[in-house]
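Down below is the structure, laid out as structure tokens.
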Number of protein chains: 4
Amino acid sequence: MSDKKEKIREAAIELFARDGFHETTTDRIAKRAGVAVGTIYNYFGNKRDVLDYIFLTEHSKRQDIHDEVSNVDTHPLDKLEMIIRRHFEEVKENPEMVTVILREGHNVGEKVKELEGLKKFLENIISEGIDSGHFQRIDAAICSSMIFGAIRAIMRDFSEAEESAKETPELFDQALEQLMMILKKGLDDSNNQ
Amino acid sequence: MSDKKEKIREAAIELFARDGFHETTTDRIAKRAGVAVGTIYNYFGNKRDVLDYIFLTEHSKRQDIHDEVSNVDTHPLDKLEMIIRRHFEEVKENPEMVTVILREGHNVGEKVKELEGLKKFLENIISEGIDSGHFQRIDAAICSSMIFGAIRAIMRDFSEAEESAKETPELFDQALEQLMMILKKGLDDSNNQ
Amino acid sequence: MSDKKEKIREAAIELFARDGFHETTTDRIAKRAGVAVGTIYNYFGNKRDVLDYIFLTEHSKRQDIHDEVSNVDTHPLDKLEMIIRRHFEEVKENPEMVTVILREGHNVGEKVKELEGLKKFLENIISEGIDSGHFQRIDAAICSSMIFGAIRAIMRDFSEAEESAKETPELFDQALEQLMMILKKGLDDSNNQ
Amino acid sequence: MSDKKEKIREAAIELFARDGFHETTTDRIAKRAGVAVGTIYNYFGNKRDVLDYIFLTEHSKRQDIHDEVSNVDTHPLDKLEMIIRRHFEEVKENPEMVTVILREGHNVGEKVKELEGLKKFLENIISEGIDSGHFQRIDAAICSSMIFGAIRAIMRDFSEAEESAKETPELFDQALEQLMMILKKGLDDSNNQ
DNA sequence: AATGAATGAGAATTCATTCAT
DNA sequence: TATGAATGAATTCTCATTCAT
């Protein structure tokens, strides 16, 4: 992985996060990355490829998290908690990345669009939970979509919070706690009569 | 409310929904609205004002829904269900509008950004529920944000579904049912020991 | 035919003639035409379309000449002379046009390439001459191609001549005389034993 | 003559012939020549120098032909035929070279432009023919220019013919025959009354 | 009020050339 | 000599906005 390519990726994340994809010019990306415009085009076919690359890089991180978690043998609720917690940790460390992912999803290329990593992972875990009798019979796709939406909302709140607020982000801890509580009661089959 | 202004708003919704704000030119909006480009500028200060206007129009519709619901005297879970149901109904009727709201939120002006209608309504209802002892003690802001996110996710699934799928949208009914089930168990205080 | 479109055509001819198609920027065309760059794109899809339009305009002039001449009932050698003379007259009046036609033929679009007006006209006349027994049996295509080439060479000499020389252009008269003399003897069948 | 320099010349001919001077990038020349871009600049000052070098190389070949022919003691018409035949043979062997010469003449440097080899040779022969009384009194410059133009036209027809057609190129034989027939009758003084 | 031709700043992308290795 | 990553000036084309009619 070239030094310059990484520099460009990082510069693009900062700018896409702050100004959005369309408002960010290749000139500014280059300047912030400390390279010439032409250099961007030595590593990427065009501006949108830079965005795609950001998504792809992020997606493989999520893939790693999922692989790690799915191998653990534990209650599906714990798996959900683990994966969401890990996700939030990533977000805390790369808040700008989240802003980009949230804002620019519709600007990425078709192939990248199909990835939708986290949502699929949640769906897998929920499906397993239903199969193993831990969860009541619900539609895993719809449910995972909603959980995913809830997570996105928290990320959005975080990414829109004041800079000061970001430095003590208990938001994630509180949100995780509340979400898990709701899910625990809401999904658990033993609760059902 | 001028006839032309409304024509422009409708044309813009269709195009913003399909192509996004930045990919839509004022020329195309004008053509689809059946007016000249210059006419757009007789009603709006600039292109972004058209987007703002779309958001504002939508927001006042949501306001009406909320006013209606908040006056009903019933269990807060029922209020939640009513408001979400009404929201989904609106979405079914104006799917393109939703696509615009979801995609272009970050392109609107600062004032419009602050509106965030539905989320505030949810928060009010949840706060009331807590106060009245119907809901357990949770953070209403975080919780409403997550519910709002779950709703957005469903809308997103809907707005990205194939055209054919849109014509028989039981998605909303199922999603509403599942969401309410989870919330019922997850929020209700009587469930708590 | 819009005033501006014509201005742009004329400016482009001058610049393409002097600097060539690729060395001429759209900015300079606009400046010389006294319009804004954007205006070029109100009348033409892209820069190459401007070149195509130059060729097409010229082609229809040649078509007119041909139509006029082919209706005259006279010896095919006279027809050749008439058409070449008329052609040279056009060239004298629009020397820059010729330079463009000679230099930029390979940059025009496919459709325009196929026109090859004058050559076809010559071929028609020669074919007729052969059929009517005035000319000996030669390959009309090859022969017209060579005559066309000879004419181009003269035009090239003219377009490359010093400015001063252009103002007394007997070159064409002399060339026409010599060419006709050679063709008269070279093509005439009565000369053949 | 360095091996690499020759490789670059050959690569450039192929690409200039197919795509034209301006559409050919130095990167592609380098790739096709099997060297690095930088290497081109070890042998040539800039891109245009490569084109100049192609013209110069070709010009010295033409010079050799002329020297050979001009030493033969025979009728000027035979000399014309010999020189044109030899020229066509070269063309058959290096069709791409011809395409380059025809297309890119106006892109070469000033010094190269002045060479105009073949035309000068033709003019010499015609002048000699007039002086020796074999040809009637014509303007040798104009006449050689026209013959040169006719030859170019044939080359152009050849270089634009389908690939298949190029493999059985009787075109040149027919063209040569017809051109010589016309010139024989058209130039010969004995034919004159 | 409505029009739409004209505008020109601005953006993405290209590519000849350089130079450190 | 050879290399090829880096450069950044230059170019084409777009499109929001204006304003004379």
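So you can find residues: chains in the structure tokens are A, B, ... in the order shown, residues in each start at 1, and ligands are numbered from 1 in order.
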Next item on the list: Report as a ChimeraX atom specification the set of chain D residues whose atoms approach chain E to within 12 Å, with distances computed over only C-alpha atoms (C1' of nucleotides).
Entry: /D:22-28,37-42,44-48
Could you write out the selected residues, including C-alpha atoms, as an mmCIF file, in the first residue's frame?
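Output (result_4.cif):
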```
data_model
loop_
_atom_site.group_PDB
_atom_site.id
_atom_site.type_symbol
_atom_site.label_atom_id
_atom_site.label_comp_id
_atom_site.auth_asym_id
_atom_site.auth_seq_id
_atom_site.Cartn_x
_atom_site.Cartn_y
_atom_site.Cartn_z
ATOM 1 C CA HIS D 22 -1.745 14.637 -30.762
ATOM 2 C CA GLU D 23 -3.733 11.611 -29.707
ATOM 3 C CA THR D 24 -0.575 9.619 -29.099
ATOM 4 C CA THR D 25 0.901 9.939 -25.639
ATOM 5 C CA THR D 26 4.567 9.560 -24.826
ATOM 6 C CA ASP D 27 3.563 6.873 -22.343
ATOM 7 C CA ARG D 28 2.085 4.751 -25.103
ATOM 8 C CA VAL D 37 9.053 7.262 -20.795
ATOM 9 C CA GLY D 38 12.195 8.841 -19.509
ATOM 10 C CA THR D 39 14.206 6.942 -22.075
ATOM 11 C CA ILE D 40 12.467 8.773 -24.902
ATOM 12 C CA TYR D 41 13.906 11.958 -23.471
ATOM 13 C CA ASN D 42 17.369 10.519 -23.477
ATOM 14 C CA PHE D 44 14.864 13.142 -28.171
ATOM 15 C CA GLY D 45 14.449 16.643 -26.833
ATOM 16 C CA ASN D 46 10.690 16.415 -26.842
ATOM 17 C CA LYS D 47 7.774 14.660 -28.439
ATOM 18 C CA ARG D 48 7.850 16.669 -31.618
#
```
Next item on the list: Please return, as a VMD selection string, all residues of chain B lying within 8 Å of chain A when only C-alpha atoms are considered.
Entry: chain B and resid 22 103 106 138 142 to 143 145 to 154 175 178 to 179 181 to 187
Next item on the list: Run DSSP on the backbone and give me the residues of chain D it puts in alpha helix (DSSP H), as a PyMOL selection string.
Entry: chain D and resi 3-19+26-33+37-43+47-70+76-93+95-104+110-113+117-131+140-160+163-166+171-187
Next item on the list: One decimal, Å: what's the distance from CA of Glu123 in chain C over to CA of Ile83 in chain C, could you say?
Entry: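 CA of Ile83 in chain C lies at a distance of 11.9 Å from CA of Glu123 in chain C.
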Check which residues of chain F sit at most 10 Å from chain B using only C-alpha atoms (C1' of nucleotides), and return one row each with the closest pair of atoms and their distance in Å to one decimal, ordered by chain and rising number, as CSV.
```
residue,atom,partner,partner_atom,distance
F:DT14,C1',B:Thr25,CA,9.9
F:DC15,C1',B:Thr25,CA,6.9
F:DA16,C1',B:Thr26,CA,7.3
F:DT17,C1',B:Asn46,CA,8.1
F:DT18,C1',B:Gly38,CA,8.6
F:DC19,C1',B:Gly38,CA,9.6
```
Do a neighbour search on Asp173 in chain C at 10 Å with only C-alpha atoms (C1' of nucleotides), toss out local chain neighbours closer than 6 positions, and write the hits as a JSON list (two decimals) with C-alpha atoms, in the first residue's frame.
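And here's out-v2.json as it stands now:
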```json
[["chain", "number", "residue", "atom", "x", "y", "z"],
["C", 85, "ARG", "CA", -12.37, 27.02, -61.99],
["C", 88, "PHE", "CA", -10.43, 27.76, -57.33],
["C", 89, "GLU", "CA", -12.52, 30.89, -57.16],
["C", 179, "LEU", "CA", -3.84, 21.01, -65.79]]
```
